[in-house]
file query_8.cif (mmCIF, C-alpha atoms)
data_upload
#
loop_
_atom_site.group_PDB
_atom_site.id
_atom_site.type_symbol
_atom_site.label_atom_id
_atom_site.label_comp_id
_atom_site.auth_asym_id
_atom_site.auth_seq_id
_atom_site.Cartn_x
_atom_site.Cartn_y
_atom_site.Cartn_z
ATOM 1 C CA MET A 1 0.363 5.586 -8.015
ATOM 2 C CA SER A 2 1.349 6.283 -4.436
ATOM 3 C CA ILE A 3 3.593 5.505 -1.504
ATOM 4 C CA ALA A 4 0.557 3.830 0.049
ATOM 5 C CA GLY A 5 0.452 1.449 -2.937
ATOM 6 C CA THR A 6 4.129 0.551 -2.613
ATOM 7 C CA VAL A 7 3.754 -0.089 1.110
ATOM 8 C CA LEU A 8 0.566 -2.117 0.513
ATOM 9 C CA GLN A 9 2.419 -4.419 -1.889
ATOM 10 C CA PHE A 10 5.348 -4.857 0.519
ATOM 11 C CA LEU A 11 3.160 -5.594 3.547
ATOM 12 C CA THR A 12 1.077 -8.101 1.585
ATOM 13 C CA ILE A 13 4.160 -9.996 0.388
ATOM 14 C CA SER A 14 5.737 -9.885 3.837
ATOM 15 C CA ALA A 15 2.569 -10.993 5.652
ATOM 16 C CA LEU A 16 2.135 -13.979 3.330
ATOM 17 C CA ARG A 17 5.768 -15.020 3.805
ATOM 18 C CA GLU A 18 5.374 -14.752 7.583
ATOM 19 C CA ASN A 19 2.425 -17.155 7.582
ATOM 20 C CA GLU A 20 1.946 -20.769 6.557
ATOM 21 C CA THR A 21 0.370 -21.227 3.119
ATOM 22 C CA LEU A 22 0.695 -23.747 0.306
ATOM 23 C CA ALA A 23 2.959 -21.245 -1.456
ATOM 24 C CA GLY A 24 5.520 -21.116 1.362
ATOM 25 C CA ASP A 25 8.030 -18.400 0.526
ATOM 26 C CA ALA A 26 7.128 -18.456 -3.194
ATOM 27 C CA ILE A 27 5.566 -14.991 -2.908
ATOM 28 C CA ILE A 28 6.867 -12.601 -5.561
ATOM 29 C CA GLY A 29 6.260 -8.999 -6.587
ATOM 30 C CA THR A 30 5.517 -9.311 -10.304
ATOM 31 C CA PRO A 31 3.455 -11.549 -12.623
ATOM 32 C CA ILE A 32 5.307 -14.418 -14.327
ATOM 33 C CA ASP A 33 4.991 -16.606 -17.399
ATOM 34 C CA PRO A 34 3.938 -20.008 -15.988
ATOM 35 C CA ILE A 35 4.635 -21.669 -19.341
ATOM 36 C CA SER A 36 8.355 -21.048 -18.917
ATOM 37 C CA GLN A 37 10.693 -23.947 -18.232
ATOM 38 C CA ASP A 38 11.744 -22.427 -14.916
ATOM 39 C CA PHE A 39 8.196 -22.536 -13.575
ATOM 40 C CA GLN A 40 7.721 -26.115 -14.734
ATOM 41 C CA LYS A 41 10.406 -27.150 -12.243
ATOM 42 C CA VAL A 42 8.655 -25.772 -9.136
ATOM 43 C CA SER A 43 6.792 -28.065 -6.766
ATOM 44 C CA ARG A 44 4.485 -25.626 -5.010
ATOM 45 C CA PRO A 45 2.100 -22.836 -6.013
ATOM 46 C CA THR A 46 3.457 -19.345 -6.623
ATOM 47 C CA VAL A 47 1.675 -16.106 -5.714
ATOM 48 C CA ALA A 48 2.479 -12.839 -7.517
ATOM 49 C CA VAL A 49 1.437 -9.705 -5.611
ATOM 50 C CA PHE A 50 1.105 -6.330 -7.336
ATOM 51 C CA THR A 51 -1.062 -3.220 -7.339
ATOM 52 C CA GLY A 52 -3.209 -1.915 -10.173
ATOM 53 C CA GLU A 53 -5.520 1.064 -10.405
ATOM 54 C CA ASP A 54 -4.998 3.705 -7.715
ATOM 55 C CA ARG A 55 -8.033 5.970 -7.371
ATOM 56 C CA ARG A 56 -8.631 9.070 -5.288
ATOM 57 C CA THR A 57 -12.249 9.903 -4.608
ATOM 58 C CA GLU A 58 -14.252 12.724 -3.039
ATOM 59 C CA ILE A 59 -11.638 15.357 -3.852
ATOM 60 C CA THR A 60 -12.450 18.839 -2.574
ATOM 61 C CA GLY A 61 -10.712 21.521 -4.620
ATOM 62 C CA ARG A 62 -7.047 20.527 -4.859
ATOM 63 C CA ASP A 63 -7.058 18.488 -1.657
ATOM 64 C CA LEU A 64 -5.340 15.396 -3.081
ATOM 65 C CA VAL A 65 -3.607 14.460 0.176
ATOM 66 C CA ASN A 66 -6.831 13.992 2.147
ATOM 67 C CA ALA A 67 -9.030 12.587 -0.626
ATOM 68 C CA GLY A 68 -10.422 9.093 -0.265
ATOM 69 C CA ARG A 69 -8.025 6.484 -1.667
ATOM 70 C CA GLU A 70 -8.795 3.126 -3.277
ATOM 71 C CA ILE A 71 -5.986 0.843 -4.448
ATOM 72 C CA GLU A 72 -6.502 -2.335 -6.433
ATOM 73 C CA LEU A 73 -4.463 -5.145 -4.875
ATOM 74 C CA SER A 74 -4.027 -8.140 -7.180
ATOM 75 C CA LEU A 75 -2.717 -11.612 -6.383
ATOM 76 C CA GLN A 76 -2.142 -14.117 -9.189
ATOM 77 C CA ILE A 77 -1.962 -17.764 -8.111
ATOM 78 C CA TYR A 78 -0.064 -20.188 -10.357
ATOM 79 C CA THR A 79 -0.165 -23.946 -9.752
ATOM 80 C CA PRO A 80 2.478 -26.573 -10.661
ATOM 81 C CA ASP A 81 1.588 -30.037 -12.002
ATOM 82 C CA ALA A 82 0.880 -31.333 -8.511
ATOM 83 C CA VAL A 83 0.951 -30.212 -4.903
ATOM 84 C CA LYS A 84 1.903 -32.370 -1.942
ATOM 85 C CA VAL A 85 -0.024 -31.769 1.291
ATOM 86 C CA LEU A 86 -0.260 -33.513 4.645
ATOM 87 C CA VAL A 87 -3.631 -35.042 5.495
ATOM 88 C CA ASP A 88 -3.846 -36.649 8.942
ATOM 89 C CA GLY A 89 -0.079 -36.615 9.009
ATOM 90 C CA LYS A 90 0.251 -38.483 5.715
ATOM 91 C CA PRO A 91 1.550 -36.946 2.449
ATOM 92 C CA VAL A 92 -1.047 -36.725 -0.308
ATOM 93 C CA ARG A 93 -0.316 -35.737 -3.897
ATOM 94 C CA ILE A 94 -3.008 -33.575 -5.527
ATOM 95 C CA GLY A 95 -2.810 -33.119 -9.280
ATOM 96 C CA THR A 96 -3.702 -29.616 -10.411
ATOM 97 C CA ARG A 97 -4.361 -30.149 -14.107
ATOM 98 C CA GLY A 98 -7.929 -31.307 -13.439
ATOM 99 C CA GLU A 99 -10.407 -30.717 -10.638
ATOM 100 C CA GLY A 100 -7.584 -30.755 -8.110
ATOM 101 C CA GLY A 101 -6.400 -27.395 -9.414
ATOM 102 C CA ASP A 102 -9.582 -25.657 -8.253
ATOM 103 C CA ILE A 103 -9.288 -27.214 -4.811
ATOM 104 C CA VAL A 104 -5.672 -26.120 -4.408
ATOM 105 C CA ILE A 105 -6.458 -22.560 -5.490
ATOM 106 C CA ASP A 106 -9.525 -22.347 -3.226
ATOM 107 C CA ILE A 107 -7.545 -23.526 -0.194
ATOM 108 C CA LEU A 108 -4.647 -21.193 -0.957
ATOM 109 C CA ALA A 109 -7.021 -18.239 -1.394
ATOM 110 C CA ARG A 110 -8.469 -18.954 2.052
ATOM 111 C CA GLN A 111 -4.964 -19.172 3.533
ATOM 112 C CA ILE A 112 -4.083 -15.807 1.983
ATOM 113 C CA GLU A 113 -7.069 -14.072 3.548
ATOM 114 C CA ARG A 114 -6.435 -15.808 6.870
ATOM 115 C CA ALA A 115 -2.860 -14.505 6.849
ATOM 116 C CA LEU A 116 -3.952 -10.930 6.139
ATOM 117 C CA LEU A 117 -7.008 -10.763 8.372
ATOM 118 C CA ALA A 118 -6.489 -13.186 11.259
ATOM 119 C CA SER A 119 -2.759 -13.540 11.923
ATOM 120 C CA ASP A 120 -0.776 -11.525 14.448
ATOM 121 C CA THR A 121 2.527 -11.331 12.577
ATOM 122 C CA PRO A 122 4.118 -7.851 12.406
ATOM 123 C CA SER A 123 3.346 -7.272 8.722
ATOM 124 C CA ALA A 124 -0.245 -8.485 9.013
ATOM 125 C CA ILE A 125 -0.875 -6.086 11.896
ATOM 126 C CA LEU A 126 0.527 -3.196 9.841
ATOM 127 C CA TRP A 127 -1.497 -4.351 6.797
ATOM 128 C CA ARG A 128 -4.741 -4.023 8.753
ATOM 129 C CA LYS A 129 -3.761 -0.524 9.878
ATOM 130 C CA LEU A 130 -3.083 0.561 6.294
ATOM 131 C CA VAL A 131 -6.190 -1.061 4.793
ATOM 132 C CA THR A 132 -9.169 0.631 6.427
ATOM 133 C CA GLY A 133 -11.759 -1.218 4.322
ATOM 134 C CA ILE A 134 -12.269 -3.414 1.266
ATOM 135 C CA GLY A 135 -14.755 -2.147 -1.291
ATOM 136 C CA SER A 136 -14.933 -5.328 -3.374
ATOM 137 C CA ALA A 137 -13.206 -8.657 -3.912
ATOM 138 C CA THR A 138 -13.236 -10.730 -7.095
ATOM 139 C CA ALA A 139 -11.577 -13.957 -8.224
ATOM 140 C CA ALA A 140 -11.117 -14.558 -11.948
ATOM 141 C CA PRO A 141 -9.840 -17.996 -13.094
ATOM 142 C CA PHE A 142 -8.135 -18.453 -16.449
ATOM 143 C CA MET A 143 -5.793 -20.850 -18.208
ATOM 144 C CA PHE A 144 -2.326 -20.793 -19.743
ATOM 145 C CA GLU A 145 -2.273 -23.492 -22.418
ATOM 146 C CA THR A 146 0.043 -24.915 -25.063
ATOM 147 C CA GLU A 147 -0.122 -28.213 -26.902
ATOM 148 C CA THR A 148 1.570 -29.940 -23.989
ATOM 149 C CA VAL A 149 0.973 -27.701 -20.953
ATOM 150 C CA ARG A 150 -2.213 -26.590 -19.216
ATOM 151 C CA ILE A 151 -1.830 -24.399 -16.134
ATOM 152 C CA ALA A 152 -4.679 -23.099 -14.005
ATOM 153 C CA VAL A 153 -4.276 -19.535 -12.787
ATOM 154 C CA THR A 154 -6.548 -17.377 -10.661
ATOM 155 C CA GLU A 155 -6.277 -13.627 -10.141
ATOM 156 C CA ILE A 156 -7.794 -12.331 -6.920
ATOM 157 C CA SER A 157 -8.384 -8.576 -6.807
ATOM 158 C CA TYR A 158 -9.267 -6.509 -3.755
ATOM 159 C CA VAL A 159 -10.249 -2.853 -3.965
ATOM 160 C CA CYS A 160 -8.583 -1.618 -0.781
ATOM 161 C CA GLN A 161 -9.517 1.613 0.947
ATOM 162 C CA THR A 162 -6.283 2.804 2.535
ATOM 163 C CA LEU A 163 -4.693 5.519 4.581
ATOM 164 C CA ASN A 164 -3.496 8.499 2.603
ATOM 165 C CA ASP A 165 0.153 9.136 1.866
ATOM 166 C CA PRO A 166 2.105 11.050 4.525
ATOM 167 C CA SER A 167 2.394 14.808 4.154
ATOM 168 C CA PHE A 168 5.001 16.347 1.863
ATOM 169 C CA GLY A 169 8.211 17.211 3.718
ATOM 170 C CA ASP A 170 7.173 15.371 6.897
ATOM 171 C CA GLU A 171 10.492 14.985 8.718
ATOM 172 C CA ASP A 172 8.891 13.569 11.875
ATOM 173 C CA LEU A 173 7.069 10.429 10.793
ATOM 174 C CA GLN A 174 4.948 8.889 13.530
ATOM 175 C CA TYR A 175 2.567 6.007 14.182
ATOM 176 C CA PHE A 176 1.783 3.829 11.148
ATOM 177 C CA TRP A 177 4.106 5.461 8.627
ATOM 178 C CA ALA A 178 7.093 5.384 10.964
ATOM 179 C CA ASP A 179 6.495 1.703 11.737
ATOM 180 C CA ALA A 180 5.867 0.743 8.104
ATOM 181 C CA ILE A 181 8.970 2.439 6.712
ATOM 182 C CA ASP A 182 11.086 1.012 9.542
ATOM 183 C CA ALA A 183 9.787 -2.463 8.617
ATOM 184 C CA ILE A 184 10.735 -1.970 4.961
ATOM 185 C CA LYS A 185 14.193 -0.655 5.884
ATOM 186 C CA ALA A 186 14.765 -3.728 8.085
ATOM 187 C CA ASP A 187 13.861 -6.174 5.298
ATOM 188 C CA PRO A 188 16.971 -7.721 3.690
ATOM 189 C CA ASP A 189 15.471 -7.514 0.187
ATOM 190 C CA TYR A 190 13.717 -4.140 0.420
ATOM 191 C CA GLY A 191 15.973 -2.183 2.790
ATOM 192 C CA ALA A 192 17.289 0.204 0.143
ATOM 193 C CA ILE A 193 13.749 0.907 -1.059
ATOM 194 C CA GLY A 194 12.720 1.726 2.503
ATOM 195 C CA SER A 195 15.485 4.295 2.813
ATOM 196 C CA TRP A 196 14.499 5.778 -0.544
ATOM 197 C CA LEU A 197 10.840 6.027 0.514
ATOM 198 C CA GLU A 198 11.820 7.708 3.770
ATOM 199 C CA ALA A 199 13.935 10.299 1.937
ATOM 200 C CA GLU A 200 11.108 10.974 -0.523
ATOM 201 C CA VAL A 201 8.517 11.422 2.223
ATOM 202 C CA GLN A 202 10.751 13.876 4.054
ATOM 203 C CA SER A 203 11.452 15.868 0.880
ATOM 204 C CA PRO A 204 11.760 18.803 0.490
ATOM 205 C CA ALA A 205 13.858 19.172 3.620
ATOM 206 C CA GLY A 206 13.208 22.214 5.740
ATOM 207 C CA LEU A 207 9.670 22.802 4.530
ATOM 208 C CA SER A 208 7.936 24.908 7.175
ATOM 209 C CA ALA A 209 5.038 23.477 9.117
ATOM 210 C CA GLY A 210 2.760 26.082 7.628
ATOM 211 C CA ARG A 211 3.638 25.116 4.076
ATOM 212 C CA ILE A 212 3.051 21.461 4.941
ATOM 213 C CA ALA A 213 -0.389 22.343 6.280
ATOM 214 C CA GLN A 214 -1.121 24.394 3.186
ATOM 215 C CA ALA A 215 -0.189 21.508 0.869
ATOM 216 C CA ASP A 216 -2.176 19.031 2.980
ATOM 217 C CA ILE A 217 -5.435 20.760 2.129
ATOM 218 C CA GLY A 218 -4.425 21.966 -1.328
ATOM 219 C CA THR A 219 -4.949 25.645 -0.686
ATOM 220 C CA THR A 220 -3.039 28.923 -0.975
ATOM 221 C CA GLY A 221 -1.065 30.494 1.842
ATOM 222 C CA GLU A 222 -3.599 33.310 2.177
ATOM 223 C CA ALA A 223 -6.492 30.874 2.416
ATOM 224 C CA ALA A 224 -4.606 28.825 5.026
ATOM 225 C CA VAL A 225 -4.336 31.934 7.192
ATOM 226 C CA GLU A 226 -8.014 32.797 6.705
ATOM 227 C CA LEU A 227 -8.980 29.241 7.665
ATOM 228 C CA GLY A 228 -7.028 29.528 10.905
ATOM 229 C CA ILE A 229 -4.596 26.685 10.222
ATOM 230 C CA ALA A 230 -1.647 29.038 9.732
ATOM 231 C CA GLU A 231 -0.552 32.499 10.690
ATOM 232 C CA ILE A 232 1.802 35.055 9.179
ATOM 233 C CA GLU A 233 4.222 36.364 11.753
ATOM 234 C CA ASP A 234 5.939 38.898 9.500
ATOM 235 C CA PRO A 235 3.481 40.778 7.237
ATOM 236 C CA SER A 236 6.396 41.977 5.100
ATOM 237 C CA ASP A 237 7.291 38.393 4.133
ATOM 238 C CA PRO A 238 4.082 36.347 4.076
ATOM 239 C CA VAL A 239 5.542 33.337 2.281
ATOM 240 C CA ALA A 240 8.750 32.735 4.221
ATOM 241 C CA SER A 241 7.217 33.269 7.657
ATOM 242 C CA ILE A 242 3.987 31.305 7.385
ATOM 243 C CA MET A 243 3.745 28.946 10.379
ATOM 244 C CA VAL A 244 1.301 26.231 11.377
ATOM 245 C CA VAL A 245 -1.130 26.933 14.175
ATOM 246 C CA SER A 246 -1.212 24.171 16.776
ATOM 247 C CA ASN A 247 -4.561 22.497 17.388
ATOM 248 C CA ARG A 248 -3.862 23.024 21.078
ATOM 249 C CA SER A 249 -3.785 26.825 20.845
ATOM 250 C CA THR A 250 -5.993 29.595 19.523
ATOM 251 C CA VAL A 251 -4.644 32.199 17.127
ATOM 252 C CA THR A 252 -6.435 35.410 16.288
ATOM 253 C CA VAL A 253 -5.698 36.418 12.717
ATOM 254 C CA ASP A 254 -5.458 40.121 12.024
ATOM 255 C CA PRO A 255 -7.899 40.826 9.157
ATOM 256 C CA ALA A 256 -5.407 43.206 7.606
ATOM 257 C CA THR A 257 -2.795 40.488 7.565
ATOM 258 C CA ALA A 258 -5.197 37.891 6.223
ATOM 259 C CA GLU A 259 -6.138 40.122 3.308
ATOM 260 C CA GLN A 260 -2.589 40.494 2.049
ATOM 261 C CA GLU A 261 -1.982 39.256 -1.422
ATOM 262 C CA ASP A 262 -0.162 35.922 -1.418
ATOM 263 C CA PRO A 263 1.997 35.599 -4.575
ATOM 264 C CA THR A 264 2.276 31.840 -4.066
ATOM 265 C CA PRO A 265 0.032 29.851 -6.470
#
call {"tool": "encode", "arguments": {"input": "query_8.cif", "output": "structure tokens"}}
result
Amino acid sequence: MSIAGTVLQFLTISALRENETLAGDAIIGTPIDPISQDFQKVSRPTVAVFTGEDRRTEITGRDLVNAGREIELSLQIYTPDAVKVLVDGKPVRIGTRGEGGDIVIDILARQIERALLASDTPSAILWRKLVTGIGSATAAPFMFETETVRIAVTEISYVCQTLNDPSFGDEDLQYFWADAIDAIKADPDYGAIGSWLEAEVQSPAGLSAGRIAQADIGTTGEAAVELGIAEIEDPSDPVASIMVVSNRSTVTVDPATAEQEDPTP
């Protein structure tokens, strides 16, 4: 699992709540039992949003941070006995226990994708920055049935290609990650989670820029120096003094320094 997965779930829920769909604000973060008495009392569809398999692909060595990432985003749509909609300004009741159920789910599925891909609400804009591509999309209908209840449910799954998690110990979040965590912290329901995520991203505090760069590519301190992404200022203390080399400057690494044994695994 990943911070990217947590943020993907939040942005999906938030974007759907910000836009007009048949579900209204009935967007939740976990699957439910639609046979329960509580669900039988609702008058509009409910959408449960959660993430599944989180895959990292094309890993080079130990470079987990920069590997390709694919996260399964799942949305389960549950329908009540009937849904009321406005057609030409007039209320129309559509029963969902027969053919009407398929129509309601199909329309709601379109509204979901419209909210994520075509709306300009704050969460939808962030969602499209996080999700760089969609590898596949599937919709699987199934039924919850008892002797007296029959409820149509559809699970829509998207395999989302996303940005990677921020670096370990990144105390200066910028661009997407700064905006996304600020959005979570500002949400009345998720604010505490946003603060927790921010603290976790910035942990461990005080990690040097060189060590961050080393972790980003999954290499040793010695290899980071040899690759030119870090330099050792004090040959007598190669671990404590390793510093990142700015992309805007050129650093010449002393071969003698680069060949020092780095005790860090």
call {"tool": "resolve_selection", "arguments": {"input": "query_8.cif", "expression": "the PyMOL selection byres ((chain A and resi 197-207) around 9)", "output": "JSON, numbers by chain"}}
result
{"A": [3, 165, 166, 167, 168, 169, 170, 171, 172, 173, 178, 181, 182, 185, 192, 193, 194, 195, 196, 208, 209, 210, 211, 212]}
call {"tool": "atom_distance", "arguments": {"input": "query_8.cif", "atom1": "atom CA of A:Ala183", "atom2": "atom CA of A:Ser74"}}
result
21.7 Å
call {"tool": "resolve_selection", "arguments": {"input": "query_8.cif", "expression": "the PyMOL selection byres ((chain A and resi 155) around 7)", "output": "number ranges by chain"}}
result
A: 74-77, 139-141, 153-154, 156-157
call {"tool": "resolve_selection", "arguments": {"input": "query_8.cif", "expression": "the PyMOL selection byres ((chain A and resi 11-15) around 7)", "output": "PDB file with C-alpha atoms, in the coordinates of the input"}}
result
ATOM      1  CA  VAL A   7       3.754  -0.089   1.110  1.00  0.00           C
ATOM      2  CA  LEU A   8       0.566  -2.117   0.513  1.00  0.00           C
ATOM      3  CA  GLN A   9       2.419  -4.419  -1.889  1.00  0.00           C
ATOM      4  CA  PHE A  10       5.348  -4.857   0.519  1.00  0.00           C
ATOM      5  CA  LEU A  16       2.135 -13.979   3.330  1.00  0.00           C
ATOM      6  CA  ARG A  17       5.768 -15.020   3.805  1.00  0.00           C
ATOM      7  CA  GLU A  18       5.374 -14.752   7.583  1.00  0.00           C
ATOM      8  CA  ASN A  19       2.425 -17.155   7.582  1.00  0.00           C
ATOM      9  CA  ILE A  27       5.566 -14.991  -2.908  1.00  0.00           C
ATOM     10  CA  VAL A  49       1.437  -9.705  -5.611  1.00  0.00           C
ATOM     11  CA  ALA A 115      -2.860 -14.505   6.849  1.00  0.00           C
ATOM     12  CA  LEU A 116      -3.952 -10.930   6.139  1.00  0.00           C
ATOM     13  CA  THR A 121       2.527 -11.331  12.577  1.00  0.00           C
ATOM     14  CA  SER A 123       3.346  -7.272   8.722  1.00  0.00           C
ATOM     15  CA  ALA A 124      -0.245  -8.485   9.013  1.00  0.00           C
ATOM     16  CA  TRP A 127      -1.497  -4.351   6.797  1.00  0.00           C
TER      17      TRP A 127
END
call {"tool": "residues_around", "arguments": {"input": "query_8.cif", "residues": "stretch 50-61 of chain A", "least_positions_apart": "4", "cutoff": "6 Å", "atoms": "only C-alpha atoms", "output": "NGL selection string"}}
result
:A and (1 or 9 or 29 or 67-74)
call {"tool": "write_last_selection", "arguments": {"input": "query_8.cif", "atoms": "C-alpha atoms", "output": "JSON list (two decimals), in the coordinates of the input"}}
result
[["chain", "number", "residue", "atom", "x", "y", "z"],
["A", 1, "MET", "CA", 0.36, 5.59, -8.02],
["A", 9, "GLN", "CA", 2.42, -4.42, -1.89],
["A", 29, "GLY", "CA", 6.26, -9.00, -6.59],
["A", 67, "ALA", "CA", -9.03, 12.59, -0.63],
["A", 68, "GLY", "CA", -10.42, 9.09, -0.26],
["A", 69, "ARG", "CA", -8.02, 6.48, -1.67],
["A", 70, "GLU", "CA", -8.80, 3.13, -3.28],
["A", 71, "ILE", "CA", -5.99, 0.84, -4.45],
["A", 72, "GLU", "CA", -6.50, -2.34, -6.43],
["A", 73, "LEU", "CA", -4.46, -5.14, -4.88],
["A", 74, "SER", "CA", -4.03, -8.14, -7.18]]
call {"tool": "residues_around", "arguments": {"input": "query_8.cif", "residues": "A:Lys129", "least_positions_apart": "3", "cutoff": "10 Å", "atoms": "all atoms listed in the file", "output": "list in words"}}
result
Ser123, Ala124, Ile125, Leu126, Thr132, Gly133, Thr162, Leu163, Phe176, Trp177 and Ala180 of chain A
call {"tool": "closest_residue", "arguments": {"input": "query_8.cif", "among": "A:Thr46, A:Pro188, A:Leu117, A:Ile94", "to": "A:Asp33", "atoms": "only C-alpha atoms"}}
result
A:Thr46
call {"tool": "atom_distance", "arguments": {"input": "query_8.cif", "atom1": "atom CA of A:Leu64", "atom2": "atom CA of A:Ser2"}}
result
11.4 Å
call {"tool": "closest_residue", "arguments": {"input": "query_8.cif", "among": "A:Arg62, A:Arg110, A:Arg128, A:Arg93", "to": "A:Thr220", "atoms": "only C-alpha atoms"}}
result
A:Arg62
call {"tool": "atom_distance", "arguments": {"input": "query_8.cif", "atom1": "atom CA of A:Ala48", "atom2": "atom CA of A:Ile28"}}
result
4.8 Å
call {"tool": "closest_residue", "arguments": {"input": "query_8.cif", "among": "A:Ile32, A:Val131, A:Ala82, A:Ile112", "to": "A:Arg97", "atoms": "all atoms listed in the file"}}
result
A:Ala82
call {"tool": "closest_residue", "arguments": {"input": "query_8.cif", "among": "A:Ile107, A:Cys160, A:Val85, A:Ile151", "to": "A:Leu130", "atoms": "all atoms listed in the file"}}
result
A:Cys160
